[in-house]
>>> print(open('start_22.pdb').read())   # PDB, C-alpha atoms
ATOM      1  CA  MET A 260     -35.882-139.490 143.711
ATOM      2  CA  SER A 261     -39.132-141.253 142.869
ATOM      3  CA  ALA A 262     -42.579-139.778 143.424
ATOM      4  CA  ASP A 263     -43.262-142.541 145.955
ATOM      5  CA  ARG A 264     -40.221-141.496 147.938
ATOM      6  CA  TRP A 265     -41.353-137.867 147.886
ATOM      7  CA  SER A 266     -44.803-138.903 149.092
ATOM      8  CA  ALA A 267     -43.263-140.983 151.880
ATOM      9  CA  LEU A 268     -41.170-138.028 153.056
ATOM     10  CA  LEU A 269     -44.173-135.712 153.016
ATOM     11  CA  ALA A 270     -46.170-138.302 154.964
ATOM     12  CA  GLU A 271     -43.583-138.013 157.730
ATOM     13  CA  VAL A 272     -44.468-134.325 158.003
ATOM     14  CA  THR A 273     -48.237-134.696 157.777
ATOM     15  CA  GLY A 274     -47.950-137.499 160.352
ATOM     16  CA  ILE A 275     -47.253-134.889 163.016
ATOM     17  CA  ALA A 276     -50.494-134.088 164.837
ATOM     18  CA  GLY A 277     -51.985-130.770 163.668
ATOM     19  CA  VAL A 278     -50.134-130.540 160.354
ATOM     20  CA  ARG A 279     -52.693-129.819 157.641
ATOM     21  CA  ALA A 280     -50.400-129.712 154.624
ATOM     22  CA  ALA A 281     -46.855-130.337 153.511
ATOM     23  CA  VAL A 282     -45.812-128.925 150.175
ATOM     24  CA  VAL A 283     -42.577-128.900 148.200
ATOM     25  CA  VAL A 284     -42.355-125.524 146.508
ATOM     26  CA  ALA A 285     -40.091-124.120 143.829
ATOM     27  CA  ALA A 286     -39.140-120.786 145.400
ATOM     28  CA  GLU A 287     -38.304-119.160 142.091
ATOM     29  CA  ASP A 288     -41.769-119.532 140.556
ATOM     30  CA  GLY A 289     -43.947-120.255 143.597
ATOM     31  CA  LEU A 290     -45.396-123.425 142.117
ATOM     32  CA  VAL A 291     -46.156-126.718 143.848
ATOM     33  CA  VAL A 292     -43.701-129.494 143.001
ATOM     34  CA  HIS A 293     -45.186-132.160 145.269
ATOM     35  CA  GLU A 294     -47.807-132.056 147.997
ATOM     36  CA  ALA A 295     -49.693-133.881 150.706
ATOM     37  CA  ALA A 296     -52.630-132.019 152.132
ATOM     38  CA  MET A 297     -56.076-132.246 153.607
ATOM     39  CA  ASP A 298     -58.875-131.982 151.076
ATOM     40  CA  GLU A 299     -59.916-128.531 149.871
ATOM     41  CA  LEU A 300     -56.782-126.866 151.219
ATOM     42  CA  PRO A 301     -55.562-124.385 148.589
ATOM     43  CA  THR A 302     -51.994-125.693 148.326
ATOM     44  CA  ASP A 303     -51.374-123.650 145.158
ATOM     45  CA  ASP A 304     -52.049-120.473 147.123
ATOM     46  CA  LEU A 305     -49.990-121.708 150.061
ATOM     47  CA  ALA A 306     -47.049-122.376 147.733
ATOM     48  CA  ALA A 307     -47.308-118.987 146.027
ATOM     49  CA  LEU A 308     -47.514-117.031 149.275
ATOM     50  CA  ALA A 309     -44.888-119.073 151.105
ATOM     51  CA  SER A 310     -42.392-118.696 148.263
ATOM     52  CA  SER A 311     -43.011-114.963 148.250
ATOM     53  CA  VAL A 312     -42.368-114.713 151.994
ATOM     54  CA  VAL A 313     -39.273-116.885 151.754
ATOM     55  CA  ARG A 314     -37.812-114.823 148.925
ATOM     56  CA  ARG A 315     -38.492-111.526 150.733
ATOM     57  CA  ALA A 316     -37.046-112.878 153.973
ATOM     58  CA  GLY A 317     -33.963-114.017 152.056
ATOM     59  CA  GLU A 318     -33.580-110.557 150.552
ATOM     60  CA  LEU A 319     -33.913-109.018 154.013
ATOM     61  CA  LEU A 320     -31.189-111.256 155.433
ATOM     62  CA  ALA A 321     -28.945-110.560 152.469
ATOM     63  CA  ALA A 322     -29.429-106.818 152.948
ATOM     64  CA  LEU A 323     -28.460-107.200 156.589
ATOM     65  CA  GLY A 324     -25.325-109.065 155.576
ATOM     66  CA  ASN A 325     -26.376-112.329 157.160
ATOM     67  CA  ASP A 326     -26.134-115.880 155.903
ATOM     68  CA  ARG A 327     -28.686-117.427 153.620
ATOM     69  CA  LEU A 328     -32.126-118.125 155.004
ATOM     70  CA  ARG A 329     -32.564-121.785 155.984
ATOM     71  CA  LEU A 330     -35.738-121.875 158.053
ATOM     72  CA  CYS A 331     -38.660-119.490 158.180
ATOM     73  CA  THR A 332     -41.511-119.658 160.709
ATOM     74  CA  LEU A 333     -44.682-117.583 160.572
ATOM     75  CA  VAL A 334     -46.922-117.873 163.606
ATOM     76  CA  ALA A 335     -50.450-116.505 163.460
ATOM     77  CA  GLU A 336     -53.500-116.815 165.680
ATOM     78  CA  ARG A 337     -55.119-119.496 163.544
ATOM     79  CA  GLY A 338     -52.098-121.396 162.346
ATOM     80  CA  THR A 339     -48.409-121.666 161.643
ATOM     81  CA  VAL A 340     -46.406-121.882 158.435
ATOM     82  CA  VAL A 341     -42.901-123.287 158.551
ATOM     83  CA  ALA A 342     -40.622-123.368 155.488
ATOM     84  CA  ALA A 343     -37.270-125.150 155.339
ATOM     85  CA  GLN A 344     -34.759-124.804 152.542
ATOM     86  CA  GLY A 345     -34.090-127.894 150.448
ATOM     87  CA  ALA A 346     -31.776-128.296 147.490
ATOM     88  CA  GLN A 347     -31.906-126.748 144.027
ATOM     89  CA  GLY A 348     -34.240-123.912 144.984
ATOM     90  CA  LEU A 349     -36.860-126.152 146.576
ATOM     91  CA  TRP A 350     -38.493-125.417 149.922
ATOM     92  CA  LEU A 351     -40.423-127.760 152.139
ATOM     93  CA  VAL A 352     -43.410-125.884 153.545
ATOM     94  CA  ALA A 353     -45.840-127.047 156.215
ATOM     95  CA  LEU A 354     -49.111-125.511 157.337
ATOM     96  CA  ALA A 355     -50.142-126.467 160.865
ATOM     97  CA  ASP A 356     -52.791-125.751 163.461
ATOM     98  CA  PRO A 357     -51.869-123.431 166.360
ATOM     99  CA  ASP A 358     -51.554-126.254 168.887
ATOM    100  CA  THR A 359     -49.062-128.251 166.799
ATOM    101  CA  GLU A 360     -45.738-129.189 168.404
ATOM    102  CA  LEU A 361     -43.760-126.476 166.696
ATOM    103  CA  GLY A 362     -40.329-127.622 167.855
ATOM    104  CA  ARG A 363     -40.847-131.108 166.487
ATOM    105  CA  LEU A 364     -42.210-129.763 163.227
ATOM    106  CA  ARG A 365     -39.236-127.447 162.730
ATOM    107  CA  LEU A 366     -36.787-130.249 163.441
ATOM    108  CA  GLN A 367     -38.569-132.604 161.088
ATOM    109  CA  LEU A 368     -38.652-130.077 158.253
ATOM    110  CA  GLY A 369     -35.008-129.184 158.774
ATOM    111  CA  ASP A 370     -34.039-132.855 158.584
ATOM    112  CA  LEU A 371     -36.187-133.738 155.583
ATOM    113  CA  ALA A 372     -35.887-130.643 153.401
ATOM    114  CA  PRO A 373     -32.361-131.403 152.077
ATOM    115  CA  GLU A 374     -33.614-134.769 150.828
ATOM    116  CA  PHE A 375     -35.920-133.134 148.289
ATOM    117  CA  ALA A 376     -33.819-132.632 145.192
TER     118      ALA A 376
ATOM    119  CA  MET B 172     -54.286 -97.521 134.531
ATOM    120  CA  ARG B 173     -57.006 -97.140 131.927
ATOM    121  CA  VAL B 174     -60.307 -99.003 131.800
ATOM    122  CA  LEU B 175     -63.163 -98.856 129.351
ATOM    123  CA  GLU B 176     -65.711 -99.559 132.077
ATOM    124  CA  PRO B 177     -65.444 -98.167 135.633
ATOM    125  CA  TRP B 178     -66.466-101.380 137.418
ATOM    126  CA  LEU B 179     -63.299-103.043 136.101
ATOM    127  CA  ARG B 180     -60.973-100.594 137.879
ATOM    128  CA  GLU B 181     -61.119-102.174 141.331
ATOM    129  CA  PRO B 182     -60.397-105.808 140.384
ATOM    130  CA  LEU B 183     -57.669-104.671 137.999
ATOM    131  CA  ALA B 184     -56.063-102.451 140.660
ATOM    132  CA  ASP B 185     -56.112-105.406 143.065
ATOM    133  CA  LEU B 186     -54.422-107.634 140.485
ATOM    134  CA  VAL B 187     -51.720-105.058 139.771
ATOM    135  CA  ARG B 188     -51.055-104.334 143.444
ATOM    136  CA  GLU B 189     -51.158-107.887 144.789
ATOM    137  CA  SER B 190     -49.209-109.601 142.033
ATOM    138  CA  ALA B 191     -46.718-106.725 141.627
ATOM    139  CA  ALA B 192     -47.413-106.879 137.896
ATOM    140  CA  ARG B 193     -45.478-104.476 135.704
ATOM    141  CA  VAL B 194     -47.937-104.515 132.808
ATOM    142  CA  VAL B 195     -51.493-105.847 132.555
ATOM    143  CA  LEU B 196     -53.688-105.993 129.503
ATOM    144  CA  VAL B 197     -57.306-107.172 129.481
ATOM    145  CA  MET B 198     -58.872-107.870 126.113
ATOM    146  CA  THR B 199     -61.564-109.860 124.403
ATOM    147  CA  ALA B 200     -60.661-113.154 122.751
ATOM    148  CA  SER B 201     -60.518-111.303 119.451
ATOM    149  CA  GLY B 202     -57.965-108.807 120.767
ATOM    150  CA  GLN B 203     -60.147-105.781 121.507
ATOM    151  CA  VAL B 204     -58.593-103.948 124.460
ATOM    152  CA  ILE B 205     -60.794-103.498 127.528
ATOM    153  CA  ALA B 206     -58.298-102.276 130.118
ATOM    154  CA  GLN B 207     -54.594-101.746 130.473
ATOM    155  CA  HIS B 208     -51.984-100.854 133.060
ATOM    156  CA  GLY B 209     -48.367 -99.991 132.364
ATOM    157  CA  PHE B 210     -48.472 -99.211 128.651
ATOM    158  CA  THR B 211     -47.637 -95.689 127.570
ATOM    159  CA  ARG B 212     -48.075 -95.895 123.806
ATOM    160  CA  SER B 213     -51.270 -96.929 122.060
ATOM    161  CA  LEU B 214     -49.283 -98.690 119.329
ATOM    162  CA  ASP B 215     -47.658-101.009 121.894
ATOM    163  CA  VAL B 216     -50.926-101.945 123.523
ATOM    164  CA  MET B 217     -52.629-102.695 120.209
ATOM    165  CA  ALA B 218     -49.730-104.894 119.108
ATOM    166  CA  ALA B 219     -49.588-106.687 122.471
ATOM    167  CA  ALA B 220     -53.343-107.304 122.395
ATOM    168  CA  ALA B 221     -53.225-108.745 118.895
ATOM    169  CA  LEU B 222     -50.214-110.931 119.684
ATOM    170  CA  GLY B 223     -51.613-112.092 123.025
ATOM    171  CA  ALA B 224     -54.977-113.053 121.585
ATOM    172  CA  GLY B 225     -53.179-114.787 118.730
ATOM    173  CA  ILE B 226     -50.907-116.791 121.023
ATOM    174  CA  LEU B 227     -53.829-117.963 123.140
ATOM    175  CA  ALA B 228     -55.862-118.913 120.068
ATOM    176  CA  THR B 229     -52.872-120.851 118.712
ATOM    177  CA  THR B 230     -52.281-122.750 121.943
ATOM    178  CA  ALA B 231     -55.999-123.527 122.182
ATOM    179  CA  GLU B 232     -55.770-125.159 118.758
ATOM    180  CA  LEU B 233     -52.642-127.018 119.843
ATOM    181  CA  ALA B 234     -54.404-128.227 123.003
ATOM    182  CA  ASP B 235     -57.340-129.394 120.912
ATOM    183  CA  LEU B 236     -54.991-131.401 118.699
ATOM    184  CA  ILE B 237     -53.377-133.072 121.699
ATOM    185  CA  ALA B 238     -56.507-133.573 123.791
ATOM    186  CA  PRO B 239     -59.726-132.662 121.964
ATOM    187  CA  GLY B 240     -62.079-130.580 124.078
ATOM    188  CA  ASP B 241     -59.362-129.727 126.555
ATOM    189  CA  ASP B 242     -57.691-126.354 127.080
ATOM    190  CA  PHE B 243     -54.269-125.312 128.411
ATOM    191  CA  GLY B 244     -55.889-122.553 130.464
ATOM    192  CA  ALA B 245     -52.786-120.428 130.699
ATOM    193  CA  VAL B 246     -49.557-119.886 128.811
ATOM    194  CA  VAL B 247     -46.426-118.754 130.631
ATOM    195  CA  HIS B 248     -43.252-117.432 129.035
ATOM    196  CA  GLN B 249     -40.380-116.950 131.447
ATOM    197  CA  GLY B 250     -37.343-114.902 130.610
ATOM    198  CA  GLY B 251     -34.356-113.956 132.721
ATOM    199  CA  ALA B 252     -35.672-110.633 133.972
ATOM    200  CA  GLN B 253     -39.399-110.924 133.446
ATOM    201  CA  GLY B 254     -42.137-113.326 132.526
ATOM    202  CA  VAL B 255     -45.465-113.226 130.735
ATOM    203  CA  TRP B 256     -48.672-114.846 131.972
ATOM    204  CA  LEU B 257     -51.410-115.178 129.370
ATOM    205  CA  ALA B 258     -54.761-116.745 130.220
ATOM    206  CA  GLY B 259     -58.370-116.707 129.116
ATOM    207  CA  PHE B 260     -61.448-116.768 131.307
ATOM    208  CA  ASP B 261     -65.188-116.721 130.764
ATOM    209  CA  THR B 262     -67.221-113.671 131.778
ATOM    210  CA  PRO B 263     -70.869-112.653 131.337
ATOM    211  CA  ARG B 264     -69.536-110.591 128.409
ATOM    212  CA  GLY B 265     -67.934-113.571 126.682
ATOM    213  CA  ARG B 266     -64.396-114.925 126.813
ATOM    214  CA  TRP B 267     -61.732-112.455 127.885
ATOM    215  CA  VAL B 268     -57.964-112.720 127.846
ATOM    216  CA  THR B 269     -55.521-111.260 130.352
ATOM    217  CA  LEU B 270     -51.829-110.692 129.748
ATOM    218  CA  VAL B 271     -49.635-110.005 132.768
ATOM    219  CA  VAL B 272     -45.955-109.064 132.581
ATOM    220  CA  PHE B 273     -44.151-109.636 135.867
ATOM    221  CA  GLY B 274     -40.607-109.296 137.102
ATOM    222  CA  ARG B 275     -38.457-111.076 139.653
ATOM    223  CA  GLU B 276     -40.301-109.293 142.458
ATOM    224  CA  SER B 277     -43.251-111.581 141.679
ATOM    225  CA  SER B 278     -43.616-115.197 140.562
ATOM    226  CA  VAL B 279     -45.759-117.417 138.357
ATOM    227  CA  GLY B 280     -47.472-118.772 141.443
ATOM    228  CA  LEU B 281     -48.433-115.344 142.735
ATOM    229  CA  VAL B 282     -49.661-114.177 139.332
ATOM    230  CA  ARG B 283     -51.711-117.367 138.939
ATOM    231  CA  MET B 284     -53.294-116.909 142.345
ATOM    232  CA  PHE B 285     -54.223-113.254 141.905
ATOM    233  CA  PHE B 286     -55.288-113.797 138.306
ATOM    234  CA  ASP B 287     -57.799-116.384 139.590
ATOM    235  CA  ARG B 288     -59.140-113.808 142.052
ATOM    236  CA  PHE B 289     -59.270-111.170 139.323
ATOM    237  CA  ALA B 290     -61.261-113.501 137.055
ATOM    238  CA  SER B 291     -63.678-114.276 139.905
ATOM    239  CA  GLY B 292     -64.062-110.558 140.612
ATOM    240  CA  VAL B 293     -64.797-109.793 136.977
ATOM    241  CA  ARG B 294     -67.398-112.562 136.818
ATOM    242  CA  ARG B 295     -69.029-111.210 139.972
ATOM    243  CA  LEU B 296     -68.974-107.516 139.045
ATOM    244  CA  ALA B 297     -69.592-107.600 135.300
ATOM    245  CA  PRO B 298     -73.009-106.204 134.429
ATOM    246  CA  ALA B 299     -75.207-108.440 132.344
ATOM    247  CA  PRO B 300     -74.635-107.936 128.621
ATOM    248  CA  THR B 301     -77.063-105.598 126.930
ATOM    249  CA  ALA B 302     -78.284-105.889 123.382
ATOM    250  CA  THR B 303     -76.046-103.687 121.256
ATOM    251  CA  PRO B 304     -77.578-101.896 118.304
ATOM    252  CA  GLU B 305     -76.044-102.564 114.935
ATOM    253  CA  LEU B 306     -73.154-100.202 114.398
ATOM    254  CA  LEU B 307     -73.287 -97.800 111.496
ATOM    255  CA  ALA B 308     -70.009 -96.732 109.947
ATOM    256  CA  GLU B 309     -69.975 -93.293 111.546
ATOM    257  CA  GLY B 310     -71.093 -94.734 114.895
ATOM    258  CA  PHE B 311     -68.319 -97.292 114.785
ATOM    259  CA  GLU B 312     -65.688 -94.615 114.237
ATOM    260  CA  ARG B 313     -67.023 -92.554 117.125
ATOM    261  CA  GLU B 314     -67.081 -95.612 119.409
ATOM    262  CA  LEU B 315     -63.509 -96.423 118.425
ATOM    263  CA  ASP B 316     -62.389 -92.859 119.176
ATOM    264  CA  ASP B 317     -64.142 -92.980 122.566
ATOM    265  CA  SER B 318     -62.481 -96.290 123.406
ATOM    266  CA  LEU B 319     -59.023 -95.021 122.466
ATOM    267  CA  ARG B 320     -59.572 -91.884 124.523
ATOM    268  CA  ALA B 321     -60.613 -93.952 127.531
ATOM    269  CA  LEU B 322     -57.629 -96.286 127.225
ATOM    270  CA  PHE B 323     -54.879 -93.779 126.432
ATOM    271  CA  GLY B 324     -56.253 -90.388 127.327
ATOM    272  CA  THR B 325     -55.903 -89.209 123.754
ATOM    273  CA  GLY B 326     -58.092 -89.348 120.740
TER     274      GLY B 326
END
>>> encode(input="start_22.pdb", output="structure tokens")
Amino acid sequence: MSADRWSALLAEVTGIAGVRAAVVVAAEDGLVVHEAAMDELPTDDLAALASSVVRRAGELLAALGNDRLRLCTLVAERGTVVAAQGAQGLWLVALADPDTELGRLRLQLGDLAPEFA
Amino acid sequence: MRVLEPWLREPLADLVRESAARVVLVMTASGQVIAQHGFTRSLDVMAAAALGAGILATTAELADLIAPGDDFGAVVHQGGAQGVWLAGFDTPRGRWVTLVVFGRESSVGLVRMFFDRFASGVRRLAPAPTATPELLAEGFERELDDSLRALFGTG
């Protein structure tokens, strides 16, 4: 997939009102693969922390004997982080304001994440 | 954890805890050890310091060949079970080097993030350099013994 295509897919996520960043993250090393974000947003930190959460959540599910983790949502007072599993160890992560349409964002990430490979 | 100077303990403890690092070594660009966590034998830490400083100096030369005046910033070696993060940063005491060994419970991204915070903490907390008197031979030996005692608890 070309970089332009990746940017176009991320633009579909950041096009949702309230989304401040969309980042493709390599879960194994916590590094940014591709990103679209508002200025001055620390996407490197977002990627590192999101990958850590996703890996721990995956380990928790595995310990409980459940299926693999596909979607992870963290809701806090000042914002929401949603991560959806893509292919080849990539995760599509979005950071959004509290008043963002969470259902739409989750659907969008779930649909788009498999395309990042 | 062993540190030569007490003010370094807090930022180093934060780095170890937050990044889940297995081993951390802080040294000057010439390989003089300033702090360490996770080493048990003085021989290992001396060898790691010399090798780490050497690797970073070599990559700096390589970077200068490729793009004069530029720097790679950090060098990462990733193995199957653990990885090594090696990076230099400027402090009021000159250029320092940090080597972090991390396992699968951490990641390059996490180590990078908490290394950046560690470097900022060191820059903020480091006392201004003081003029050091010229070392006489016997003074040098005593200083070396004191440093080894501080870093390994032996002398």
>>> closest_residue(input="start_22.pdb", among="A:Arg327, A:Arg279, A:Arg363, A:Arg314", to="chain B", atoms="all atoms listed in the file")
A:Arg314
>>> resolve_selection(input="start_22.pdb", expression="the PyMOL selection byres ((chain A) within 6 of (chain B))", output="PyMOL selection string")
chain A and resi 288-290+307
>>> residues_around(input="start_22.pdb", residues="B:Asp242", least_positions_apart="4", cutoff="9 Å", atoms="only C-alpha atoms", output="ChimeraX atom specification")
/B:230-235,238
>>> residues_around(input="start_22.pdb", residues="B:Arg193", least_positions_apart="6", cutoff="9 Å", atoms="all atoms listed in the file", output="list in words")
Val187, His208, Gly209, Val271, Val272, Phe273 and Gly274 of chain B
>>> closest_atom_pairs(input="start_22.pdb", of="stretch 260-344 of chain A", to="stretch 354-360 of chain A", cutoff="8 Å", atoms="only C-alpha atoms", output="Markdown table")
| residue | atom | partner | partner_atom | distance |
| --- | --- | --- | --- | --- |
| A:Ile275 | CA | A:Thr359 | CA | 7.9 |
| A:Ala276 | CA | A:Thr359 | CA | 6.3 |
| A:Gly277 | CA | A:Thr359 | CA | 5.0 |
| A:Val278 | CA | A:Ala355 | CA | 4.1 |
| A:Arg279 | CA | A:Ala355 | CA | 5.3 |
| A:Ala280 | CA | A:Leu354 | CA | 5.2 |
| A:Ala281 | CA | A:Leu354 | CA | 6.6 |
| A:Val334 | CA | A:Pro357 | CA | 7.9 |
| A:Ala335 | CA | A:Pro357 | CA | 7.6 |
| A:Glu336 | CA | A:Pro357 | CA | 6.8 |
| A:Arg337 | CA | A:Pro357 | CA | 5.8 |
| A:Gly338 | CA | A:Pro357 | CA | 4.5 |
| A:Thr339 | CA | A:Ala355 | CA | 5.2 |
| A:Val340 | CA | A:Leu354 | CA | 4.7 |
| A:Val341 | CA | A:Leu354 | CA | 6.7 |
>>> write_last_selection(input="start_22.pdb", atoms="C-alpha atoms", output="mmCIF file, in the coordinates of the input")
data_model
loop_
_atom_site.group_PDB
_atom_site.id
_atom_site.type_symbol
_atom_site.label_atom_id
_atom_site.label_comp_id
_atom_site.auth_asym_id
_atom_site.auth_seq_id
_atom_site.Cartn_x
_atom_site.Cartn_y
_atom_site.Cartn_z
ATOM 1 C CA ILE A 275 -47.253 -134.889 163.016
ATOM 2 C CA ALA A 276 -50.494 -134.088 164.837
ATOM 3 C CA GLY A 277 -51.985 -130.770 163.668
ATOM 4 C CA VAL A 278 -50.134 -130.540 160.354
ATOM 5 C CA ARG A 279 -52.693 -129.819 157.641
ATOM 6 C CA ALA A 280 -50.400 -129.712 154.624
ATOM 7 C CA ALA A 281 -46.855 -130.337 153.511
ATOM 8 C CA VAL A 334 -46.922 -117.873 163.606
ATOM 9 C CA ALA A 335 -50.450 -116.505 163.460
ATOM 10 C CA GLU A 336 -53.500 -116.815 165.680
ATOM 11 C CA ARG A 337 -55.119 -119.496 163.544
ATOM 12 C CA GLY A 338 -52.098 -121.396 162.346
ATOM 13 C CA THR A 339 -48.409 -121.666 161.643
ATOM 14 C CA VAL A 340 -46.406 -121.882 158.435
ATOM 15 C CA VAL A 341 -42.901 -123.287 158.551
#
>>> build_atoms(input="start_22.pdb", residues="stretch 235-250 of chain B", atoms="N, CA and C atoms", output="tab-separated table (two decimals), keeping the file's coordinate frame")
chain	number	residue	atom	x	y	z
B	235	ASP	N	-56.26	-128.61	121.50
B	235	ASP	CA	-57.34	-129.39	120.91
B	235	ASP	C	-56.79	-130.56	120.07
B	236	LEU	N	-55.62	-130.32	119.46
B	236	LEU	CA	-54.99	-131.40	118.70
B	236	LEU	C	-54.52	-132.52	119.63
B	237	ILE	N	-53.95	-132.10	120.76
B	237	ILE	CA	-53.38	-133.07	121.70
B	237	ILE	C	-54.48	-133.79	122.48
B	238	ALA	N	-55.41	-133.01	123.01
B	238	ALA	CA	-56.51	-133.57	123.79
B	238	ALA	C	-57.79	-132.84	123.42
B	239	PRO	N	-58.53	-133.36	122.44
B	239	PRO	CA	-59.73	-132.66	121.96
B	239	PRO	C	-60.68	-132.30	123.10
B	240	GLY	N	-61.14	-131.04	123.07
B	240	GLY	CA	-62.08	-130.58	124.08
B	240	GLY	C	-61.40	-130.03	125.32
B	241	ASP	N	-60.08	-130.22	125.39
B	241	ASP	CA	-59.36	-129.73	126.56
B	241	ASP	C	-58.76	-128.35	126.24
B	242	ASP	N	-58.27	-127.68	127.27
B	242	ASP	CA	-57.69	-126.35	127.08
B	242	ASP	C	-56.48	-126.22	128.00
B	243	PHE	N	-55.44	-125.50	127.55
B	243	PHE	CA	-54.27	-125.31	128.41
B	243	PHE	C	-54.56	-124.35	129.57
B	244	GLY	N	-55.55	-123.49	129.39
B	244	GLY	CA	-55.89	-122.55	130.46
B	244	GLY	C	-55.01	-121.34	130.49
B	245	ALA	N	-53.71	-121.57	130.63
B	245	ALA	CA	-52.79	-120.43	130.70
B	245	ALA	C	-51.50	-120.77	129.97
B	246	VAL	N	-50.85	-119.74	129.47
B	246	VAL	CA	-49.56	-119.89	128.81
B	246	VAL	C	-48.58	-118.99	129.55
B	247	VAL	N	-47.42	-119.54	129.90
B	247	VAL	CA	-46.43	-118.75	130.63
B	247	VAL	C	-45.12	-118.75	129.85
B	248	HIS	N	-44.58	-117.57	129.63
B	248	HIS	CA	-43.25	-117.43	129.04
B	248	HIS	C	-42.37	-116.84	130.12
B	249	GLN	N	-41.26	-117.50	130.42
B	249	GLN	CA	-40.38	-116.95	131.45
B	249	GLN	C	-39.02	-116.60	130.89
B	250	GLY	N	-38.66	-115.34	131.03
B	250	GLY	CA	-37.34	-114.90	130.61
B	250	GLY	C	-36.46	-114.70	131.83
